[in-house]
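protein_27.cif (mmCIF, C-alpha atoms and all ligand atoms) appears below.
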data_upload
#
loop_
_atom_site.label_atom_id
_atom_site.label_comp_id
_atom_site.auth_asym_id
_atom_site.auth_seq_id
_atom_site.Cartn_x
_atom_site.Cartn_y
_atom_site.Cartn_z
CA MET A 728 -11.92 -0.06 -10.55
CA VAL A 729 -9.05 -1.81 -12.26
CA THR A 730 -10.25 -3.89 -15.15
CA GLY A 731 -7.72 -6.58 -15.85
CA SER A 732 -4.14 -5.62 -15.23
CA PHE A 733 -1.86 -3.04 -16.65
CA MET A 734 1.87 -3.07 -17.06
CA VAL A 735 4.05 -0.58 -15.28
CA SER A 736 7.17 0.67 -16.96
CA ALA A 737 9.67 -0.95 -14.68
CA GLN A 738 13.10 -0.84 -16.08
CA ARG A 739 13.85 -0.07 -12.43
CA VAL A 740 12.54 -3.47 -11.32
CA ARG A 741 15.55 -5.55 -12.16
CA GLU A 742 16.25 -7.83 -9.29
CA GLY A 743 15.60 -11.57 -9.37
CA SER A 744 12.27 -12.67 -10.76
CA THR A 745 11.02 -9.13 -11.25
CA GLU A 746 13.33 -8.54 -14.20
CA GLY A 747 11.61 -6.55 -16.91
CA SER A 748 8.30 -5.42 -15.54
CA ILE A 749 5.58 -5.77 -12.95
CA ALA A 750 1.83 -5.85 -13.44
CA ILE A 751 -0.66 -4.30 -11.03
CA ALA A 752 -4.05 -5.95 -10.77
CA ALA A 753 -7.00 -6.43 -8.45
CA ALA A 754 -6.12 -9.10 -5.86
CA THR A 755 -7.79 -12.51 -6.04
CA ARG A 756 -7.97 -15.49 -3.69
CA ALA A 757 -4.93 -16.90 -5.50
CA ASP A 758 -2.82 -14.03 -4.08
CA LEU A 759 -3.87 -14.48 -0.44
CA ASP A 760 -1.17 -16.91 0.72
CA ALA A 761 1.65 -14.81 -0.72
CA VAL A 762 0.16 -11.57 0.61
CA ALA A 763 -0.29 -13.00 4.12
CA GLN A 764 3.33 -14.27 4.09
CA LEU A 765 4.65 -10.90 2.98
CA GLU A 766 2.58 -9.20 5.69
CA LEU A 767 4.36 -11.34 8.31
CA LEU A 768 7.74 -10.29 6.95
CA ALA A 769 6.81 -6.63 6.76
CA PHE A 770 5.03 -5.88 10.06
CA ALA A 771 5.47 -6.66 13.76
CA ASP A 772 1.69 -6.43 14.28
CA PRO A 773 0.42 -8.04 11.07
CA TRP A 774 -3.06 -8.31 9.60
CA THR A 775 -4.44 -11.86 9.63
CA ARG A 776 -5.09 -13.83 6.44
CA GLN A 777 -8.80 -13.49 7.29
CA ALA A 778 -8.50 -9.71 7.22
CA PHE A 779 -7.07 -9.86 3.71
CA GLU A 780 -9.76 -12.31 2.65
CA ALA A 781 -12.43 -9.94 3.96
CA ALA A 782 -10.88 -7.10 1.96
CA LEU A 783 -11.40 -9.12 -1.24
CA ASN A 784 -15.15 -8.92 -0.73
CA GLU A 785 -15.52 -5.51 0.92
CA ARG A 786 -17.15 -3.12 -1.49
CA HIS A 787 -15.25 -0.08 -0.24
CA ALA A 788 -11.88 -1.87 -0.49
CA ARG A 789 -9.45 -1.51 -3.34
CA PHE A 790 -7.02 -4.43 -2.90
CA ARG A 791 -4.23 -4.32 -5.47
CA VAL A 792 -1.23 -6.56 -5.97
CA ALA A 793 1.99 -6.16 -7.95
CA HIS A 794 3.06 -9.33 -9.73
CA ALA A 795 6.49 -10.03 -11.16
CA ARG A 796 6.71 -11.47 -14.64
CA ASP A 797 6.71 -15.01 -13.20
CA GLY A 798 3.43 -14.27 -11.41
CA GLY A 799 4.93 -13.99 -7.94
CA VAL A 800 3.53 -11.32 -5.63
CA VAL A 801 6.11 -8.55 -5.02
CA GLY A 802 3.85 -6.07 -3.25
CA TYR A 803 0.31 -5.12 -2.31
CA LEU A 804 -1.76 -2.12 -1.36
CA ILE A 805 -5.19 -1.89 0.24
CA ALA A 806 -7.21 1.32 0.24
CA TRP A 807 -10.71 2.15 1.36
CA PHE A 808 -12.72 4.44 -0.92
CA VAL A 809 -15.70 6.09 0.81
CA LEU A 810 -17.50 8.89 -1.01
CA ASP A 811 -14.93 11.57 -1.85
CA GLU A 812 -12.27 10.39 0.60
CA ALA A 813 -9.92 7.44 0.59
CA GLU A 814 -7.51 5.90 3.06
CA ILE A 815 -4.50 3.73 2.38
CA ALA A 816 -4.78 0.96 4.96
CA ASN A 817 -1.89 -1.31 4.06
CA LEU A 818 1.15 -1.32 1.77
CA ALA A 819 4.17 -3.62 1.66
CA VAL A 820 6.84 -4.74 -0.78
CA VAL A 821 8.94 -7.93 -0.72
CA PRO A 822 12.20 -7.07 1.09
CA THR A 823 14.47 -8.29 -1.76
CA VAL A 824 12.88 -5.96 -4.33
CA ARG A 825 12.60 -2.79 -2.24
CA ARG A 826 13.96 0.47 -3.69
CA HIS A 827 12.99 -0.58 -7.22
CA GLY A 828 9.82 1.45 -7.57
CA VAL A 829 7.19 -1.16 -6.68
CA ALA A 830 5.54 0.85 -3.88
CA ARG A 831 5.59 3.98 -6.00
CA ALA A 832 3.91 2.07 -8.84
CA LEU A 833 1.21 0.75 -6.49
CA LEU A 834 0.58 4.24 -5.10
CA GLU A 835 0.46 5.79 -8.57
CA ALA A 836 -2.08 3.17 -9.62
CA ILE A 837 -4.34 3.81 -6.61
CA ILE A 838 -4.03 7.59 -7.03
CA ALA A 839 -5.14 7.23 -10.66
CA GLU A 840 -8.10 5.11 -9.55
CA ALA A 841 -8.97 7.63 -6.84
CA ARG A 842 -8.94 10.50 -9.33
CA ALA A 843 -11.12 8.48 -11.70
CA SER A 844 -13.56 7.88 -8.81
CA ARG A 845 -13.62 11.62 -8.00
CA VAL A 846 -11.90 11.09 -4.65
CA ALA A 847 -10.78 14.50 -3.39
CA ARG A 848 -8.23 13.51 -0.76
CA LEU A 849 -6.26 10.51 0.34
CA PHE A 850 -5.21 9.82 3.95
CA LEU A 851 -2.94 7.35 5.69
CA GLU A 852 -1.21 6.71 8.98
CA VAL A 853 2.46 5.86 9.29
CA ARG A 854 4.68 5.00 12.25
CA ASP A 855 6.67 8.01 13.38
CA SER A 856 9.93 6.01 13.03
CA ASN A 857 9.18 4.46 9.60
CA ALA A 858 11.71 6.50 7.66
CA ALA A 859 11.39 4.49 4.42
CA ALA A 860 7.62 4.88 4.23
CA ARG A 861 7.72 8.52 5.30
CA ALA A 862 10.27 9.30 2.57
CA LEU A 863 8.14 7.44 0.02
CA TYR A 864 4.96 9.35 0.93
CA ALA A 865 6.75 12.70 1.08
CA SER A 866 8.19 12.08 -2.38
CA MET A 867 4.63 11.58 -3.64
CA GLY A 868 3.32 14.81 -2.14
CA PHE A 869 1.68 13.59 1.08
CA VAL A 870 1.89 16.13 3.91
CA PRO A 871 1.66 15.54 7.69
CA ILE A 872 -1.54 16.88 9.23
CA ALA A 873 -1.75 15.28 12.69
CA ARG A 874 -0.10 13.01 15.23
CA ARG A 875 -1.99 10.20 16.97
CA PRO A 876 -0.18 9.47 20.25
CA ARG A 877 0.50 5.78 21.01
CA TYR A 878 -1.60 4.67 18.05
CA TYR A 879 0.40 1.51 17.24
CA ARG A 880 1.20 -1.61 19.28
CA LYS A 881 4.25 -3.90 19.13
CA PRO A 882 5.97 -1.55 19.78
CA VAL A 883 3.71 1.23 21.02
CA GLU A 884 4.40 4.30 18.90
CA ASP A 885 2.76 7.48 17.61
CA ALA A 886 1.18 7.57 14.17
CA ILE A 887 1.64 10.48 11.83
CA VAL A 888 -1.46 11.20 9.73
CA LEU A 889 -0.65 12.21 6.16
CA ARG A 890 -2.90 13.71 3.51
CA LEU A 891 -2.66 14.06 -0.25
CA GLU A 892 -5.06 16.47 -1.98
CA LEU A 893 -5.97 15.12 -5.41
C1 LIG A 901 7.87 1.41 2.63
C2 LIG A 901 7.93 0.40 1.48
C3 LIG A 901 6.50 -0.01 1.10
C4 LIG A 901 8.60 1.08 0.25
O1 LIG A 901 8.54 0.17 -0.84
P1 LIG A 901 9.60 0.25 -2.06
O2 LIG A 901 9.03 -0.53 -3.19
O3 LIG A 901 10.94 -0.12 -1.57
O4 LIG A 901 9.57 1.81 -2.39
P2 LIG A 901 10.00 2.46 -3.80
O5 LIG A 901 11.14 1.70 -4.36
O6 LIG A 901 8.79 2.62 -4.63
O7 LIG A 901 10.53 3.90 -3.29
C5 LIG A 901 10.08 5.10 -3.84
C6 LIG A 901 10.77 6.25 -3.12
O8 LIG A 901 10.44 6.20 -1.71
C7 LIG A 901 11.60 6.59 -0.95
N1 LIG A 901 12.11 5.45 -0.19
C8 LIG A 901 11.66 4.17 -0.24
N2 LIG A 901 12.34 3.39 0.63
C9 LIG A 901 13.27 4.21 1.22
C10 LIG A 901 14.26 3.98 2.21
N3 LIG A 901 14.48 2.77 2.74
N4 LIG A 901 15.00 5.04 2.59
C11 LIG A 901 14.82 6.28 2.08
N5 LIG A 901 13.88 6.55 1.11
C12 LIG A 901 13.10 5.52 0.71
C13 LIG A 901 12.63 7.06 -1.97
O9 LIG A 901 12.36 8.42 -2.25
C14 LIG A 901 12.27 6.20 -3.16
O10 LIG A 901 12.70 6.71 -4.39
P3 LIG A 901 14.21 6.38 -4.90
O11 LIG A 901 14.42 4.91 -4.74
O12 LIG A 901 14.18 6.82 -6.34
O13 LIG A 901 15.12 7.18 -4.02
C15 LIG A 901 8.80 -0.85 1.86
O14 LIG A 901 10.01 -0.40 2.43
C16 LIG A 901 8.10 -1.80 2.83
O15 LIG A 901 7.38 -2.72 2.42
N6 LIG A 901 8.32 -1.57 4.14
C17 LIG A 901 7.71 -2.41 5.19
C18 LIG A 901 6.21 -2.18 5.27
C19 LIG A 901 5.86 -0.72 5.48
O16 LIG A 901 6.51 0.00 6.23
N7 LIG A 901 4.77 -0.28 4.80
C20 LIG A 901 4.27 1.07 4.92
C21 LIG A 901 3.41 1.22 6.11
S1 LIG A 901 2.71 2.87 6.25
#
Would you write the structure of this file as structure tokens?
Amino acid sequence: MVTGSFMVSAQRVREGSTEGSIAIAAATRADLDAVAQLELLAFADPWTRQAFEAALNERHARFRVAHARDGGVVGYLIAWFVLDEAEIANLAVVPTVRRHGVARALLEAIIAEARASRVARLFLEVRDSNAAARALYASMGFVPIARRPRYYRKPVEDAIVLRLEL
């Protein structure tokens, strides 16, 4: 578990209010409005605010947010940790600060937590056409292991299942 927050070296996070650094912390109720708004910007088939609220209280969930220096939410990640396996269920970054290392920082934080919890492997699903996310995951060592035909809605599309051995 994350105790408190820790700062990420983020000389790469330079745009707008994220100048200087971001902090990654466990999400709280205070983050829910911003997270739900970002979800609407990021996905055609978004999670509801209630789904995020449930993740705050779900014992298997690891719900992490990246805050800019001014406290604004610039990204979030939700993972499920069950025994020695984990799954990344959701990840998004504010459009105006993409390509500045926020998603990588969130993933590095959850990978460190997973290792500390003796998680052996991490899974996720990604849309076949999501080139940005696929490049991100490939750069972090995830490898494709399966295709789930017509897994997504709005629009219907295959999912690629990726795995990272820790
Ligand atoms: C995918 C997403 C989370 C990436 O967030 P981000 O903060 O912009 O990613 P980072 O800046 O940490 O990128 C790290 C690396 O991933 C790769 N990458 C990220 N976005 C990319 C893009 N648009 N094109 C190509 N490579 C990309 C690059 O290798 C990048 O490193 P580099 O910038 O040094 O070249 C973001 O684009 C997003 O929120 N998309 C909409 C929601 C989504 O698709 N979530 C994932 C669902 S599985």
Within 6 Å of ligand LIG 901 (chain A), which residues show up when you count all atoms listed in the file? List them as a compact mmCIF listing (two decimals) with C-alpha atoms, keeping the file's coordinate frame, please.
# COMPACT_ATOMS: atom_id res chain seq x y z
CA ALA A 769 6.81 -6.63 6.76
CA LEU A 818 1.15 -1.32 1.77
CA ALA A 819 4.17 -3.62 1.66
CA VAL A 820 6.84 -4.74 -0.78
CA ARG A 825 12.60 -2.79 -2.24
CA ARG A 826 13.96 0.47 -3.69
CA HIS A 827 12.99 -0.58 -7.22
CA GLY A 828 9.82 1.45 -7.57
CA VAL A 829 7.19 -1.16 -6.68
CA ALA A 830 5.54 0.85 -3.88
CA ARG A 831 5.59 3.98 -6.00
CA VAL A 853 2.46 5.86 9.29
CA ALA A 859 11.39 4.49 4.42
CA ALA A 860 7.62 4.88 4.23
CA ALA A 862 10.27 9.30 2.57
CA LEU A 863 8.14 7.44 0.02
CA SER A 866 8.19 12.08 -2.38
message: Between A:Ala781, A:Ala771, A:Ala847, A:Val883, which residue has the minimum interatomic distance to Leu759 in chain A, considering all atoms listed in the file?
response: A:Ala781
query: Using all atoms listed in the file, which of the listed residues (A:Leu891, A:Ala858, A:Val800, A:Ala873) sits closest to Arg842 in chain A?
result: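 Counting all atoms listed in the file, the residue closest to Arg842 in chain A is A:Leu891.
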- request: In Å, rounded to a single decimal, give me how far CA of Asp760 in chain A is from CA of Gln777 in chain A.
  value: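 A separation of 10.6 Å between them.
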Let me have the centre and edge lengths of the axis-aligned box enclosing all listed atoms of range 779-791 of chain A with 6 Å padding on every side, in Å to one decimal, as lines of an AutoDock Vina configuration file.
center_x = -10.7
center_y = -6.2
center_z = -0.8
size_x = 24.9
size_y = 24.2
size_z = 21.4
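Distances here use only C-alpha atoms; by that measure, the residue among A:Ile837, A:Ile805, A:Ile887, A:Val824 closest to Ile749 in chain A is A:Val824.
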query: Mind pulling up the distance from CA of Arg861 in chain A to CA of Pro822 in chain A?
result: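 Between these atoms lies a distance of 16.8 Å.
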message: Could you list, as a ChimeraX atom specification, every residue within 12 Å of Tyr803 in chain A, counting all atoms listed in the file and ignoring same-chain residues fewer than 3 positions away?
response: /A:749-755,758-759,761-766,769,779,789-795,799-800,806,815-821,829-834,836-837
Filtering to C-alpha atoms, could you give me those residues as a compact mmCIF listing (two decimals), in the frame of the given file?
# COMPACT_ATOMS: atom_id res chain seq x y z
CA ILE A 749 5.58 -5.77 -12.95
CA ALA A 750 1.83 -5.85 -13.44
CA ILE A 751 -0.66 -4.30 -11.03
CA ALA A 752 -4.05 -5.95 -10.77
CA ALA A 753 -7.00 -6.43 -8.45
CA ALA A 754 -6.12 -9.10 -5.86
CA THR A 755 -7.79 -12.51 -6.04
CA ASP A 758 -2.82 -14.03 -4.08
CA LEU A 759 -3.87 -14.48 -0.44
CA ALA A 761 1.65 -14.81 -0.72
CA VAL A 762 0.16 -11.57 0.61
CA ALA A 763 -0.29 -13.00 4.12
CA GLN A 764 3.33 -14.27 4.09
CA LEU A 765 4.65 -10.90 2.98
CA GLU A 766 2.58 -9.20 5.69
CA ALA A 769 6.81 -6.63 6.76
CA PHE A 779 -7.07 -9.86 3.71
CA ARG A 789 -9.45 -1.51 -3.34
CA PHE A 790 -7.02 -4.43 -2.90
CA ARG A 791 -4.23 -4.32 -5.47
CA VAL A 792 -1.23 -6.56 -5.97
CA ALA A 793 1.99 -6.16 -7.95
CA HIS A 794 3.06 -9.33 -9.73
CA ALA A 795 6.49 -10.03 -11.16
CA GLY A 799 4.93 -13.99 -7.94
CA VAL A 800 3.53 -11.32 -5.63
CA ALA A 806 -7.21 1.32 0.24
CA ILE A 815 -4.50 3.73 2.38
CA ALA A 816 -4.78 0.96 4.96
CA ASN A 817 -1.89 -1.31 4.06
CA LEU A 818 1.15 -1.32 1.77
CA ALA A 819 4.17 -3.62 1.66
CA VAL A 820 6.84 -4.74 -0.78
CA VAL A 821 8.94 -7.93 -0.72
CA VAL A 829 7.19 -1.16 -6.68
CA ALA A 830 5.54 0.85 -3.88
CA ARG A 831 5.59 3.98 -6.00
CA ALA A 832 3.91 2.07 -8.84
CA LEU A 833 1.21 0.75 -6.49
CA LEU A 834 0.58 4.24 -5.10
CA ALA A 836 -2.08 3.17 -9.62
CA ILE A 837 -4.34 3.81 -6.61
Write out as a PDB file with C-alpha atoms, in the coordinates of the input each polymer residue whose atoms come within 7 Å of range 877-882 of chain A, counting only C-alpha atoms; drop sequence neighbours fewer than 3 positions from it.
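Listing of around.pdb after writing:
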ATOM      1  CA  ALA A 771       5.470  -6.660  13.760  1.00  0.00           C
ATOM      2  CA  ASP A 772       1.690  -6.430  14.280  1.00  0.00           C
ATOM      3  CA  ASP A 885       2.760   7.480  17.610  1.00  0.00           C
ATOM      4  CA  ALA A 886       1.180   7.570  14.170  1.00  0.00           C
TER       5      ALA A 886
END
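Computed from the coordinates, the CA of Arg875 in chain A to CA of Glu785 in chain A distance equals 26.2 Å.
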task: Go through A:Arg796, A:Glu780, A:Thr775, A:Phe850 one by one, measure the shortest atom-to-atom distance of each to Phe808 in chain A using only C-alpha atoms, and give the residue with the smallest value.
output: A:Phe850
Can you put N, CA, C and O atoms back into range 785-805 of chain A and show it as an mmCIF file, in the frame of the given file?
data_model
loop_
_atom_site.group_PDB
_atom_site.id
_atom_site.type_symbol
_atom_site.label_atom_id
_atom_site.label_comp_id
_atom_site.auth_asym_id
_atom_site.auth_seq_id
_atom_site.Cartn_x
_atom_site.Cartn_y
_atom_site.Cartn_z
ATOM 1 N N GLU A 785 -14.975 -6.745 0.336
ATOM 2 C CA GLU A 785 -15.520 -5.510 0.920
ATOM 3 C C GLU A 785 -15.697 -4.479 -0.190
ATOM 4 O O GLU A 785 -14.762 -4.175 -0.922
ATOM 5 N N ARG A 786 -16.906 -3.952 -0.306
ATOM 6 C CA ARG A 786 -17.150 -3.120 -1.490
ATOM 7 C C ARG A 786 -16.390 -1.798 -1.464
ATOM 8 O O ARG A 786 -16.135 -1.215 -2.513
ATOM 9 N N HIS A 787 -16.026 -1.323 -0.286
ATOM 10 C CA HIS A 787 -15.250 -0.080 -0.240
ATOM 11 C C HIS A 787 -13.755 -0.317 -0.437
ATOM 12 O O HIS A 787 -12.989 0.634 -0.557
ATOM 13 N N ALA A 788 -13.326 -1.577 -0.429
ATOM 14 C CA ALA A 788 -11.880 -1.870 -0.490
ATOM 15 C C ALA A 788 -11.374 -1.886 -1.921
ATOM 16 O O ALA A 788 -12.059 -2.350 -2.838
ATOM 17 N N ARG A 789 -10.187 -1.361 -2.085
ATOM 18 C CA ARG A 789 -9.450 -1.510 -3.340
ATOM 19 C C ARG A 789 -8.171 -2.250 -2.978
ATOM 20 O O ARG A 789 -7.272 -1.676 -2.359
ATOM 21 N N PHE A 790 -8.111 -3.530 -3.298
ATOM 22 C CA PHE A 790 -7.020 -4.430 -2.900
ATOM 23 C C PHE A 790 -6.236 -4.746 -4.167
ATOM 24 O O PHE A 790 -6.735 -5.425 -5.058
ATOM 25 N N ARG A 791 -5.031 -4.203 -4.250
ATOM 26 C CA ARG A 791 -4.230 -4.320 -5.470
ATOM 27 C C ARG A 791 -2.923 -5.050 -5.181
ATOM 28 O O ARG A 791 -2.321 -4.854 -4.115
ATOM 29 N N VAL A 792 -2.502 -5.852 -6.126
ATOM 30 C CA VAL A 792 -1.230 -6.560 -5.970
ATOM 31 C C VAL A 792 -0.327 -6.248 -7.154
ATOM 32 O O VAL A 792 -0.798 -6.034 -8.277
ATOM 33 N N ALA A 793 0.982 -6.262 -6.887
ATOM 34 C CA ALA A 793 1.990 -6.160 -7.950
ATOM 35 C C ALA A 793 2.571 -7.545 -8.148
ATOM 36 O O ALA A 793 3.038 -8.174 -7.183
ATOM 37 N N HIS A 794 2.507 -8.018 -9.387
ATOM 38 C CA HIS A 794 3.060 -9.330 -9.730
ATOM 39 C C HIS A 794 4.325 -9.136 -10.566
ATOM 40 O O HIS A 794 4.358 -8.282 -11.468
ATOM 41 N N ALA A 795 5.328 -9.968 -10.276
ATOM 42 C CA ALA A 795 6.490 -10.030 -11.160
ATOM 43 C C ALA A 795 6.094 -10.799 -12.423
ATOM 44 O O ALA A 795 5.018 -11.388 -12.501
ATOM 45 N N ARG A 796 6.992 -10.800 -13.364
ATOM 46 C CA ARG A 796 6.710 -11.470 -14.640
ATOM 47 C C ARG A 796 6.375 -12.954 -14.448
ATOM 48 O O ARG A 796 5.567 -13.506 -15.181
ATOM 49 N N ASP A 797 6.994 -13.580 -13.438
ATOM 50 C CA ASP A 797 6.710 -15.010 -13.200
ATOM 51 C C ASP A 797 5.427 -15.226 -12.407
ATOM 52 O O ASP A 797 5.104 -16.352 -12.043
ATOM 53 N N GLY A 798 4.700 -14.145 -12.116
ATOM 54 C CA GLY A 798 3.430 -14.270 -11.410
ATOM 55 C C GLY A 798 3.545 -14.126 -9.908
ATOM 56 O O GLY A 798 2.533 -14.030 -9.209
ATOM 57 N N GLY A 799 4.764 -14.121 -9.389
ATOM 58 C CA GLY A 799 4.930 -13.990 -7.940
ATOM 59 C C GLY A 799 4.503 -12.615 -7.445
ATOM 60 O O GLY A 799 4.678 -11.609 -8.141
ATOM 61 N N VAL A 800 3.943 -12.592 -6.226
ATOM 62 C CA VAL A 800 3.530 -11.320 -5.630
ATOM 63 C C VAL A 800 4.764 -10.587 -5.102
ATOM 64 O O VAL A 800 5.528 -11.154 -4.324
ATOM 65 N N VAL A 801 4.981 -9.345 -5.539
ATOM 66 C CA VAL A 801 6.110 -8.550 -5.020
ATOM 67 C C VAL A 801 5.642 -7.385 -4.153
ATOM 68 O O VAL A 801 6.468 -6.714 -3.529
ATOM 69 N N GLY A 802 4.344 -7.136 -4.112
ATOM 70 C CA GLY A 802 3.850 -6.070 -3.250
ATOM 71 C C GLY A 802 2.336 -6.022 -3.293
ATOM 72 O O GLY A 802 1.698 -6.635 -4.156
ATOM 73 N N TYR A 803 1.760 -5.296 -2.319
ATOM 74 C CA TYR A 803 0.310 -5.120 -2.310
ATOM 75 C C TYR A 803 -0.048 -3.807 -1.638
ATOM 76 O O TYR A 803 0.768 -3.238 -0.879
ATOM 77 N N LEU A 804 -1.235 -3.355 -1.951
ATOM 78 C CA LEU A 804 -1.760 -2.120 -1.360
ATOM 79 C C LEU A 804 -3.257 -2.304 -1.163
ATOM 80 O O LEU A 804 -3.938 -2.817 -2.054
ATOM 81 N N ILE A 805 -3.741 -1.898 0.008
ATOM 82 C CA ILE A 805 -5.190 -1.890 0.240
ATOM 83 C C ILE A 805 -5.613 -0.481 0.607
ATOM 84 O O ILE A 805 -4.995 0.166 1.461
#
